[in-house]
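**Q** So here's work13.cif (mmCIF, C-alpha atoms).
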```
data_entry
#
loop_
_atom_site.group_PDB
_atom_site.id
_atom_site.type_symbol
_atom_site.label_atom_id
_atom_site.label_comp_id
_atom_site.auth_asym_id
_atom_site.auth_seq_id
_atom_site.Cartn_x
_atom_site.Cartn_y
_atom_site.Cartn_z
ATOM 1 C CA MET Y 422 6.223 5.251 -32.195
ATOM 2 C CA ALA Y 423 9.283 6.734 -33.886
ATOM 3 C CA PHE Y 424 11.117 9.569 -32.164
ATOM 4 C CA GLY Y 425 13.459 12.237 -33.506
ATOM 5 C CA PRO Y 426 13.388 14.672 -36.422
ATOM 6 C CA ALA Y 427 14.437 12.033 -38.925
ATOM 7 C CA ALA Y 428 11.542 9.672 -38.243
ATOM 8 C CA GLY Y 429 9.809 8.892 -41.503
ATOM 9 C CA MET Y 430 12.204 11.098 -43.530
ATOM 10 C CA LEU Y 431 14.505 10.124 -46.415
ATOM 11 C CA LEU Y 432 17.975 11.617 -45.935
ATOM 12 C CA ALA Y 433 20.913 11.750 -48.347
ATOM 13 C CA PRO Y 434 23.606 9.204 -47.404
ATOM 14 C CA CYS Y 435 26.697 10.640 -45.765
ATOM 15 C CA ARG Y 436 29.504 9.650 -43.492
ATOM 16 C CA VAL Y 437 28.740 9.875 -39.787
ATOM 17 C CA SER Y 438 31.142 12.017 -37.810
ATOM 18 C CA ALA Y 439 32.188 11.329 -34.200
ATOM 19 C CA THR Y 440 29.942 14.170 -33.080
ATOM 20 C CA ALA Y 441 27.010 12.656 -34.933
ATOM 21 C CA ARG Y 442 27.739 9.255 -33.349
ATOM 22 C CA ARG Y 443 27.744 10.835 -29.889
ATOM 23 C CA CYS Y 444 24.493 12.603 -30.670
ATOM 24 C CA SER Y 445 23.035 9.327 -31.941
ATOM 25 C CA ALA Y 446 24.117 7.514 -28.762
ATOM 26 C CA ALA Y 447 22.631 10.278 -26.629
ATOM 27 C CA ALA Y 448 19.389 10.121 -28.602
ATOM 28 C CA THR Y 449 19.278 6.328 -28.165
ATOM 29 C CA ALA Y 450 19.834 6.665 -24.422
ATOM 30 C CA GLN Y 451 17.117 9.302 -24.244
ATOM 31 C CA LEU Y 452 14.758 7.029 -26.185
ATOM 32 C CA ASP Y 453 15.499 4.138 -23.836
ATOM 33 C CA LEU Y 454 14.797 6.419 -20.879
ATOM 34 C CA ARG Y 455 11.510 7.504 -22.446
ATOM 35 C CA ARG Y 456 10.526 3.900 -22.999
ATOM 36 C CA ALA Y 457 11.442 2.930 -19.449
ATOM 37 C CA THR Y 458 9.547 5.911 -18.080
ATOM 38 C CA ALA Y 459 6.514 5.095 -20.208
ATOM 39 C CA ALA Y 460 6.596 1.483 -19.034
ATOM 40 C CA ALA Y 461 6.806 2.578 -15.404
ATOM 41 C CA GLN Y 462 3.934 4.980 -15.883
ATOM 42 C CA THR Y 463 1.664 2.164 -17.090
ATOM 43 C CA HIS Y 464 1.880 0.649 -13.595
ATOM 44 C CA LEU Y 465 -0.342 2.981 -11.604
ATOM 45 C CA PHE Y 466 -0.156 0.792 -8.494
ATOM 46 C CA ASP Y 467 2.023 -2.152 -7.423
ATOM 47 C CA ASN Y 468 2.024 -3.698 -3.945
ATOM 48 C CA GLY Y 469 3.992 -6.810 -4.822
ATOM 49 C CA THR Y 470 0.837 -8.906 -5.118
ATOM 50 C CA ILE Y 471 -1.073 -7.004 -7.791
ATOM 51 C CA ARG Y 472 -0.418 -4.124 -10.107
ATOM 52 C CA VAL Y 473 -2.653 -1.704 -11.958
ATOM 53 C CA CYS Y 474 -1.593 -1.406 -15.564
ATOM 54 C CA ALA Y 475 -2.904 -1.076 -19.100
ATOM 55 C CA VAL Y 476 -4.959 -4.036 -20.342
ATOM 56 C CA PRO Y 477 -5.599 -4.268 -24.109
ATOM 57 C CA GLY Y 478 -9.185 -3.422 -24.968
ATOM 58 C CA LYS Y 479 -10.103 -2.565 -21.371
ATOM 59 C CA GLY Y 480 -8.166 0.559 -20.479
ATOM 60 C CA HIS Y 481 -6.659 -0.427 -17.148
ATOM 61 C CA GLY Y 482 -6.979 -3.545 -15.054
ATOM 62 C CA ILE Y 483 -5.537 -5.351 -12.053
ATOM 63 C CA ILE Y 484 -2.947 -8.053 -12.788
ATOM 64 C CA ALA Y 485 -1.486 -10.605 -10.371
ATOM 65 C CA VAL Y 486 2.236 -9.977 -9.910
ATOM 66 C CA ARG Y 487 2.786 -13.383 -8.305
ATOM 67 C CA PRO Y 488 0.657 -16.515 -7.799
ATOM 68 C CA ILE Y 489 -2.257 -15.868 -5.427
ATOM 69 C CA ALA Y 490 -3.837 -18.774 -3.537
ATOM 70 C CA ALA Y 491 -7.594 -19.198 -3.302
ATOM 71 C CA GLY Y 492 -8.903 -17.396 -0.224
ATOM 72 C CA ALA Y 493 -5.928 -15.052 -0.006
ATOM 73 C CA LEU Y 494 -6.338 -11.325 0.518
ATOM 74 C CA VAL Y 495 -5.650 -9.555 -2.764
ATOM 75 C CA LEU Y 496 -6.336 -5.941 -1.844
ATOM 76 C CA GLU Y 497 -7.431 -3.880 1.142
ATOM 77 C CA GLU Y 498 -8.328 -0.258 0.513
ATOM 78 C CA ALA Y 499 -10.008 2.702 2.181
ATOM 79 C CA PRO Y 500 -12.484 4.659 0.046
ATOM 80 C CA LEU Y 501 -11.623 7.687 -1.988
ATOM 81 C CA VAL Y 502 -15.189 8.969 -1.615
ATOM 82 C CA ARG Y 503 -18.625 7.831 -0.475
ATOM 83 C CA VAL Y 504 -21.873 9.233 -1.840
ATOM 84 C CA SER Y 505 -25.115 8.543 -0.027
ATOM 85 C CA LYS Y 506 -27.917 7.485 -2.358
ATOM 86 C CA ASN Y 507 -30.568 8.357 0.229
ATOM 87 C CA THR Y 508 -33.208 10.544 -1.408
ATOM 88 C CA GLN Y 509 -35.126 11.085 1.836
ATOM 89 C CA THR Y 510 -32.716 13.568 3.414
ATOM 90 C CA ARG Y 511 -33.834 17.161 3.832
ATOM 91 C CA GLU Y 512 -31.283 18.319 1.264
ATOM 92 C CA MET Y 513 -32.596 15.887 -1.331
ATOM 93 C CA LYS Y 514 -36.264 16.563 -0.582
ATOM 94 C CA GLU Y 515 -35.687 20.293 -1.003
ATOM 95 C CA HIS Y 516 -33.753 19.900 -4.242
ATOM 96 C CA PRO Y 517 -36.210 20.836 -7.016
ATOM 97 C CA MET Y 518 -34.939 18.385 -9.632
ATOM 98 C CA VAL Y 519 -34.442 15.425 -7.267
ATOM 99 C CA GLY Y 520 -37.939 15.913 -5.879
ATOM 100 C CA SER Y 521 -39.608 15.873 -9.296
ATOM 101 C CA LEU Y 522 -37.551 12.915 -10.529
ATOM 102 C CA MET Y 523 -38.336 10.805 -7.478
ATOM 103 C CA GLN Y 524 -42.037 11.700 -7.627
ATOM 104 C CA ARG Y 525 -42.123 10.285 -11.145
ATOM 105 C CA VAL Y 526 -40.336 7.092 -10.021
ATOM 106 C CA TYR Y 527 -42.763 6.642 -7.120
ATOM 107 C CA ALA Y 528 -45.725 7.222 -9.430
ATOM 108 C CA LEU Y 529 -44.562 4.527 -11.834
ATOM 109 C CA ALA Y 530 -44.017 2.134 -8.934
ATOM 110 C CA SER Y 531 -47.484 2.825 -7.515
ATOM 111 C CA GLU Y 532 -48.960 2.190 -10.951
ATOM 112 C CA ARG Y 533 -47.157 -1.197 -10.927
ATOM 113 C CA LYS Y 534 -45.173 -0.249 -14.009
ATOM 114 C CA PHE Y 535 -42.184 -2.007 -12.449
ATOM 115 C CA ASP Y 536 -41.101 -3.904 -9.354
ATOM 116 C CA PRO Y 537 -38.572 -1.858 -7.315
ATOM 117 C CA ARG Y 538 -37.071 -5.116 -6.016
ATOM 118 C CA ASP Y 539 -36.489 -6.581 -9.493
ATOM 119 C CA PHE Y 540 -34.032 -4.637 -11.646
ATOM 120 C CA ASP Y 541 -35.021 -6.655 -14.694
ATOM 121 C CA THR Y 542 -38.444 -4.950 -14.647
ATOM 122 C CA TRP Y 543 -37.151 -1.384 -14.439
ATOM 123 C CA PRO Y 544 -38.089 0.683 -17.504
ATOM 124 C CA ALA Y 545 -35.536 2.992 -19.090
ATOM 125 C CA GLU Y 546 -37.344 6.038 -17.675
ATOM 126 C CA VAL Y 547 -36.770 4.837 -14.111
ATOM 127 C CA CYS Y 548 -33.125 3.992 -14.723
ATOM 128 C CA GLU Y 549 -32.461 7.364 -16.329
ATOM 129 C CA ALA Y 550 -34.222 9.223 -13.499
ATOM 130 C CA LEU Y 551 -32.198 7.438 -10.820
ATOM 131 C CA GLU Y 552 -28.979 7.988 -12.758
ATOM 132 C CA ARG Y 553 -29.722 11.711 -12.889
ATOM 133 C CA VAL Y 554 -30.423 11.739 -9.144
ATOM 134 C CA LEU Y 555 -27.087 10.039 -8.475
ATOM 135 C CA ASP Y 556 -25.370 12.558 -10.756
ATOM 136 C CA ILE Y 557 -26.803 15.369 -8.620
ATOM 137 C CA GLN Y 558 -25.776 13.660 -5.381
ATOM 138 C CA ALA Y 559 -22.263 13.155 -6.774
ATOM 139 C CA GLU Y 560 -21.985 16.795 -7.822
ATOM 140 C CA ILE Y 561 -22.991 17.940 -4.320
ATOM 141 C CA VAL Y 562 -20.378 15.724 -2.639
ATOM 142 C CA TYR Y 563 -17.713 16.632 -5.211
ATOM 143 C CA GLY Y 564 -18.249 20.336 -4.568
ATOM 144 C CA LYS Y 565 -17.471 19.864 -0.874
ATOM 145 C CA LEU Y 566 -14.131 18.097 -1.405
ATOM 146 C CA ASP Y 567 -10.620 19.512 -1.403
ATOM 147 C CA PRO Y 568 -8.974 20.066 -4.828
ATOM 148 C CA HIS Y 569 -6.608 17.088 -4.404
ATOM 149 C CA THR Y 570 -9.461 14.627 -3.884
ATOM 150 C CA GLN Y 571 -11.443 16.231 -6.694
ATOM 151 C CA SER Y 572 -8.458 15.694 -8.994
ATOM 152 C CA LYS Y 573 -8.201 12.020 -7.997
ATOM 153 C CA TRP Y 574 -11.941 11.603 -8.579
ATOM 154 C CA LEU Y 575 -11.781 12.973 -12.118
ATOM 155 C CA SER Y 576 -8.618 10.991 -12.925
ATOM 156 C CA LEU Y 577 -10.724 7.819 -13.037
ATOM 157 C CA GLU Y 578 -12.484 6.545 -16.134
ATOM 158 C CA ASN Y 579 -15.910 7.697 -17.307
ATOM 159 C CA SER Y 580 -17.527 5.108 -19.564
ATOM 160 C CA VAL Y 581 -21.141 6.217 -19.265
ATOM 161 C CA SER Y 582 -20.902 9.502 -21.142
ATOM 162 C CA GLY Y 583 -20.980 9.338 -24.913
ATOM 163 C CA ASP Y 584 -19.658 12.877 -25.389
ATOM 164 C CA GLY Y 585 -16.257 12.154 -23.829
ATOM 165 C CA LEU Y 586 -16.773 14.675 -21.037
ATOM 166 C CA LYS Y 587 -15.923 13.670 -17.481
ATOM 167 C CA THR Y 588 -18.387 14.548 -14.765
ATOM 168 C CA PRO Y 589 -18.368 13.563 -11.080
ATOM 169 C CA GLY Y 590 -21.558 11.562 -11.608
ATOM 170 C CA GLY Y 591 -20.299 9.821 -14.728
ATOM 171 C CA VAL Y 592 -17.064 8.794 -13.014
ATOM 172 C CA LEU Y 593 -18.951 7.610 -9.937
ATOM 173 C CA ARG Y 594 -21.430 5.566 -11.975
ATOM 174 C CA THR Y 595 -18.537 3.998 -13.889
ATOM 175 C CA ASN Y 596 -16.386 3.124 -10.886
ATOM 176 C CA GLY Y 597 -18.564 3.177 -7.766
ATOM 177 C CA PHE Y 598 -19.708 0.082 -5.906
ATOM 178 C CA ASP Y 599 -23.001 -0.003 -4.055
ATOM 179 C CA ASP Y 600 -22.654 -1.081 -0.438
ATOM 180 C CA ARG Y 601 -25.217 -2.411 2.004
ATOM 181 C CA HIS Y 602 -25.394 0.970 3.718
ATOM 182 C CA GLY Y 603 -27.049 2.665 0.747
ATOM 183 C CA CYS Y 604 -23.957 4.425 -0.548
ATOM 184 C CA ALA Y 605 -22.036 4.445 -3.804
ATOM 185 C CA THR Y 606 -18.420 4.060 -2.711
ATOM 186 C CA MET Y 607 -15.434 4.674 -4.961
ATOM 187 C CA TYR Y 608 -11.914 3.376 -4.438
ATOM 188 C CA GLU Y 609 -8.864 4.618 -6.295
ATOM 189 C CA VAL Y 610 -7.300 1.184 -6.937
ATOM 190 C CA LEU Y 611 -10.422 -0.996 -6.927
ATOM 191 C CA ALA Y 612 -11.910 1.331 -9.552
ATOM 192 C CA ARG Y 613 -9.502 -0.255 -12.043
ATOM 193 C CA ILE Y 614 -10.713 -3.819 -11.524
ATOM 194 C CA ASN Y 615 -12.597 -5.303 -14.465
ATOM 195 C CA HIS Y 616 -15.701 -7.446 -14.629
ATOM 196 C CA SER Y 617 -16.342 -11.084 -15.424
ATOM 197 C CA CYS Y 618 -19.413 -13.249 -14.945
ATOM 198 C CA GLU Y 619 -16.891 -15.948 -13.953
ATOM 199 C CA PRO Y 620 -14.913 -13.912 -11.408
ATOM 200 C CA ASN Y 621 -11.733 -15.198 -9.814
ATOM 201 C CA ALA Y 622 -12.053 -12.742 -6.916
ATOM 202 C CA GLU Y 623 -14.767 -11.182 -4.807
ATOM 203 C CA ARG Y 624 -15.204 -7.833 -3.140
ATOM 204 C CA VAL Y 625 -16.156 -7.818 0.533
ATOM 205 C CA ALA Y 626 -17.372 -4.519 1.973
ATOM 206 C CA GLY Y 627 -16.405 -3.667 5.519
ATOM 207 C CA PRO Y 628 -18.399 -1.905 8.234
ATOM 208 C CA LEU Y 629 -19.867 1.525 7.582
ATOM 209 C CA GLU Y 630 -17.207 3.265 9.675
ATOM 210 C CA GLY Y 631 -14.150 3.486 7.481
ATOM 211 C CA SER Y 632 -15.775 1.544 4.625
ATOM 212 C CA VAL Y 633 -12.567 -0.397 4.004
ATOM 213 C CA VAL Y 634 -13.028 -2.881 1.169
ATOM 214 C CA ARG Y 635 -11.234 -6.186 0.853
ATOM 215 C CA VAL Y 636 -10.801 -8.332 -2.223
ATOM 216 C CA PHE Y 637 -10.209 -12.067 -1.803
ATOM 217 C CA ALA Y 638 -9.263 -14.662 -4.392
ATOM 218 C CA LEU Y 639 -12.058 -17.120 -5.199
ATOM 219 C CA ALA Y 640 -9.641 -19.491 -6.904
ATOM 220 C CA ASP Y 641 -5.919 -19.842 -7.425
ATOM 221 C CA ILE Y 642 -4.749 -16.966 -9.624
ATOM 222 C CA ALA Y 643 -1.575 -17.449 -11.634
ATOM 223 C CA ALA Y 644 0.995 -14.695 -12.017
ATOM 224 C CA ASP Y 645 0.287 -12.322 -14.926
ATOM 225 C CA THR Y 646 -3.423 -13.233 -14.822
ATOM 226 C CA GLU Y 647 -6.048 -10.511 -14.602
ATOM 227 C CA VAL Y 648 -7.935 -10.295 -11.304
ATOM 228 C CA LEU Y 649 -11.662 -10.032 -12.045
ATOM 229 C CA VAL Y 650 -14.765 -9.488 -9.935
ATOM 230 C CA SER Y 651 -18.428 -9.438 -10.861
ATOM 231 C CA TYR Y 652 -20.033 -6.003 -10.854
ATOM 232 C CA ILE Y 653 -23.496 -7.567 -10.609
ATOM 233 C CA ASP Y 654 -25.276 -10.680 -9.406
ATOM 234 C CA HIS Y 655 -23.431 -13.216 -11.533
ATOM 235 C CA THR Y 656 -25.890 -15.982 -10.601
ATOM 236 C CA ALA Y 657 -28.578 -14.299 -12.744
ATOM 237 C CA PRO Y 658 -29.409 -15.589 -16.247
ATOM 238 C CA LEU Y 659 -27.469 -14.275 -19.249
ATOM 239 C CA ARG Y 660 -30.250 -11.941 -20.413
ATOM 240 C CA VAL Y 661 -30.579 -10.310 -16.989
ATOM 241 C CA ARG Y 662 -26.818 -9.955 -16.530
ATOM 242 C CA ARG Y 663 -26.344 -8.350 -19.911
ATOM 243 C CA LYS Y 664 -29.266 -5.982 -19.436
ATOM 244 C CA HIS Y 665 -27.919 -4.868 -16.066
ATOM 245 C CA LEU Y 666 -24.405 -4.327 -17.398
ATOM 246 C CA ARG Y 667 -25.603 -2.430 -20.474
ATOM 247 C CA GLN Y 668 -27.904 -0.227 -18.429
ATOM 248 C CA GLN Y 669 -25.535 0.564 -15.586
ATOM 249 C CA TYR Y 670 -22.063 0.226 -17.096
ATOM 250 C CA LYS Y 671 -22.743 0.703 -20.823
ATOM 251 C CA PHE Y 672 -21.038 -2.438 -22.116
ATOM 252 C CA THR Y 673 -22.001 -5.921 -23.259
ATOM 253 C CA CYS Y 674 -20.098 -8.613 -21.414
ATOM 254 C CA ASP Y 675 -18.261 -11.082 -23.651
ATOM 255 C CA CYS Y 676 -16.493 -13.027 -20.899
ATOM 256 C CA PRO Y 677 -16.037 -16.781 -21.550
ATOM 257 C CA ARG Y 678 -19.188 -17.627 -19.603
ATOM 258 C CA CYS Y 679 -21.366 -15.144 -21.491
ATOM 259 C CA ALA Y 680 -19.939 -16.259 -24.829
ATOM 260 C CA ARG Y 681 -20.547 -19.908 -23.937
ATOM 261 C CA GLU Y 682 -24.123 -19.302 -22.775
ATOM 262 C CA ALA Y 683 -24.894 -17.161 -25.821
ATOM 263 C CA ARG Y 684 -23.717 -19.986 -28.110
ATOM 264 C CA GLU Y 685 -25.837 -22.497 -26.182
ATOM 265 C CA GLU Y 686 -28.895 -20.273 -26.486
ATOM 266 C CA ALA Y 687 -28.328 -19.820 -30.218
ATOM 267 C CA GLN Y 688 -27.961 -23.557 -30.726
ATOM 268 C CA SER Y 689 -31.149 -24.345 -28.823
ATOM 269 C CA ALA Y 690 -33.229 -21.663 -30.580
#
```
Starting from the file, lay out its structure as structure tokens.

**A**
Amino acid sequence: MAFGPAAGMLLAPCRVSATARRCSAAATAQLDLRRATAAAQTHLFDNGTIRVCAVPGKGHGIIAVRPIAAGALVLEEAPLVRVSKNTQTREMKEHPMVGSLMQRVYALASERKFDPRDFDTWPAEVCEALERVLDIQAEIVYGKLDPHTQSKWLSLENSVSGDGLKTPGGVLRTNGFDDRHGCATMYEVLARINHSCEPNAERVAGPLEGSVVRVFALADIAADTEVLVSYIDHTAPLRVRRKHLRQQYKFTCDCPRCAREAREEAQSA
């Protein structure tokens, strides 16, 4: 981007005075400072092993600063926020919208319209109902937080809303990870990690108390290589993986594995 009032303008040629040269030098120094500041601002986090910075076509991502050996600890982080997905609490049962949404989900399950244990069978109506419930749960938790934590929450990306508006639920559904304790947990740094169906790292959730998450390298990761985890069960077939990612994260994965398997399927059709 060009800076300064003369950017893109045609000016009559003239001799440059000493004052003009000093002004030009000062403007150049200021431009260099702006560039350096902008470059520094693209690194949202740097611990000497990884950094969070802009990744073309992905927003932000996590990049290895130095070579990381397979099995090494890449990141350890306490949660920014945890949202219980339990719909059986008194607060949830008494919430008029949550109650009606869950009644509809239970009715569809009892009618064998889908298998609750198999995401691939979930109809859009069930997915949308559960997303709305999680939005409500997120809004309740968000409203109880201090302004500083609320600001950090809404500073994260929201890829699930088509209108460009950020909501606590949209940000949580974009960046949260489900844990084995029935919670959607969001981490300020981990939220920037991108997905691959051929991950080079894995996320390991800690005990409920503290909910510290650790990320370990699955393979040797070269410096300046993006650190990637799988958001879903990456052992599932291509069709199931893509359906899950489109439904929950609103994107179609085009990682090398998905591209390779899609080509193989097309060739065998």

**Q** Name the closest residue to Y:Glu552 among the candidates Y:Lys565, Y:Arg594, Y:Arg487, Y:His516; distances are taken between atoms, counting all atoms listed in the file.

**A**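 Checking each candidate against Y:Glu552, we get Y:Arg594 as the closest.
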
**Q** When you count only C-alpha atoms, which of these residues is closest to Y:Lys664: Y:Ile561, Y:Ala626, Y:Ala545, Y:Ala680?

**A**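 Using only C-alpha atoms, the shortest distance to Y:Lys664 belongs to Y:Ala545.
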
**Q** Restricting the calculation to all atoms listed in the file: of Y:Asn615, Y:Thr588, Y:Asn579, Y:Gln668, which residue gets closest to Y:Val476?

**A**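 Closest to Y:Val476 of all the choices is Y:Asn615.
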
**Q** So that I can check the surroundings of stretch 526-530 of chain Y, please list as an MDAnalysis selection string every protein, DNA and RNA residue that reaches within 12 Å of it, counting only C-alpha atoms and ignoring chain neighbours fewer than 4 positions away.

**A** chainID Y and resid 508 519:522 534:539 542:554

**Q** Quick one: distance from atom CA of Y:Ser651 to atom CA of Y:Pro488 in Å, one decimal?

**A** 20.6 Å

**Q** Using Å and a single decimal, report how far atom CA of Y:His616 sits from atom CA of Y:Val592.

**A**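 So the answer is 16.4 Å.
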
**Q** Once the PyMOL selection byres ((chain Y and resi 669) around 12) is applied to the coordinates I shared, what remains selected? I want it as a VMD selection string.

**A** chain Y and resid 540 to 541 543 545 548 to 549 551 to 552 555 580 to 582 591 593 to 599 652 to 653 662 to 668 670 to 673

**Q** At what distance in Å, to one decimal, does atom CA of Y:Arg678 lie from atom CA of Y:Ile614?

**A** 18.1 Å

**Q** Can you work out which one of Y:Cys618, Y:Leu496, Y:Ile489, Y:Leu639 has the shortest atom-to-atom distance to Y:Val661, counting only C-alpha atoms?

**A** Y:Cys618

**Q** Counting all atoms listed in the file, figure out which residue out of Y:Arg533, Y:Leu586, Y:Val495, Y:Thr606 gets nearest to Y:Asp641.

**A** Y:Val495

**Q** For Y:Ala491, which residue out of Y:Asn621, Y:Thr656, Y:Ala687, Y:Arg635 is the nearest one, using all atoms listed in the file?

**A**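 That would be Y:Asn621, the residue with the smallest distance to Y:Ala491.
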
**Q** Expand the PyMOL selection byres ((chain Y and resi 483) around 10) into the explicit residue set it covers here, and present it as an mmCIF file with C-alpha atoms, in the frame of the given file.

**A**
```cif
data_model
loop_
_atom_site.group_PDB
_atom_site.id
_atom_site.type_symbol
_atom_site.label_atom_id
_atom_site.label_comp_id
_atom_site.auth_asym_id
_atom_site.auth_seq_id
_atom_site.Cartn_x
_atom_site.Cartn_y
_atom_site.Cartn_z
ATOM 1 C CA HIS Y 464 1.880 0.649 -13.595
ATOM 2 C CA LEU Y 465 -0.342 2.981 -11.604
ATOM 3 C CA PHE Y 466 -0.156 0.792 -8.494
ATOM 4 C CA ASP Y 467 2.023 -2.152 -7.423
ATOM 5 C CA ILE Y 471 -1.073 -7.004 -7.791
ATOM 6 C CA ARG Y 472 -0.418 -4.124 -10.107
ATOM 7 C CA VAL Y 473 -2.653 -1.704 -11.958
ATOM 8 C CA CYS Y 474 -1.593 -1.406 -15.564
ATOM 9 C CA ALA Y 475 -2.904 -1.076 -19.100
ATOM 10 C CA VAL Y 476 -4.959 -4.036 -20.342
ATOM 11 C CA HIS Y 481 -6.659 -0.427 -17.148
ATOM 12 C CA GLY Y 482 -6.979 -3.545 -15.054
ATOM 13 C CA ILE Y 484 -2.947 -8.053 -12.788
ATOM 14 C CA ALA Y 485 -1.486 -10.605 -10.371
ATOM 15 C CA VAL Y 486 2.236 -9.977 -9.910
ATOM 16 C CA VAL Y 610 -7.300 1.184 -6.937
ATOM 17 C CA LEU Y 611 -10.422 -0.996 -6.927
ATOM 18 C CA ALA Y 612 -11.910 1.331 -9.552
ATOM 19 C CA ARG Y 613 -9.502 -0.255 -12.043
ATOM 20 C CA ILE Y 614 -10.713 -3.819 -11.524
ATOM 21 C CA ASN Y 615 -12.597 -5.303 -14.465
ATOM 22 C CA ASP Y 645 0.287 -12.322 -14.926
ATOM 23 C CA THR Y 646 -3.423 -13.233 -14.822
ATOM 24 C CA GLU Y 647 -6.048 -10.511 -14.602
ATOM 25 C CA VAL Y 648 -7.935 -10.295 -11.304
ATOM 26 C CA LEU Y 649 -11.662 -10.032 -12.045
#
```

**Q** Check which residues satisfy the PyMOL selection byres ((chain Y and resi 637) around 6) in the file shown, then give them as a ChimeraX atom specification.

**A** /Y:492-495,622-623,636,638

**Q** I'd like the contact shell of Y:Gly590 - 8 Å cut-off, all atoms listed in the file, skipping same-chain residues fewer than 4 positions apart - returned as a ChimeraX atom specification.

**A** /Y:555-560,594

**Q** Residues around (-16.7, -4.3, 4.9), cut-off 12 Å, counting only C-alpha atoms - what are they as a ChimeraX atom specification?

**A** /Y:497-500,599-602,606,624-636

**Q** With 3 Å added on each side, what axis-aligned box encloses every listed atom of stretch 506-524 of chain Y? Give the centre and edge lengths in Å to one decimal, as lines of an AutoDock Vina configuration file.

**A**
```
center_x = -35.0
center_y = 14.2
center_z = -3.3
size_x = 20.1
size_y = 19.4
size_z = 20.4
```
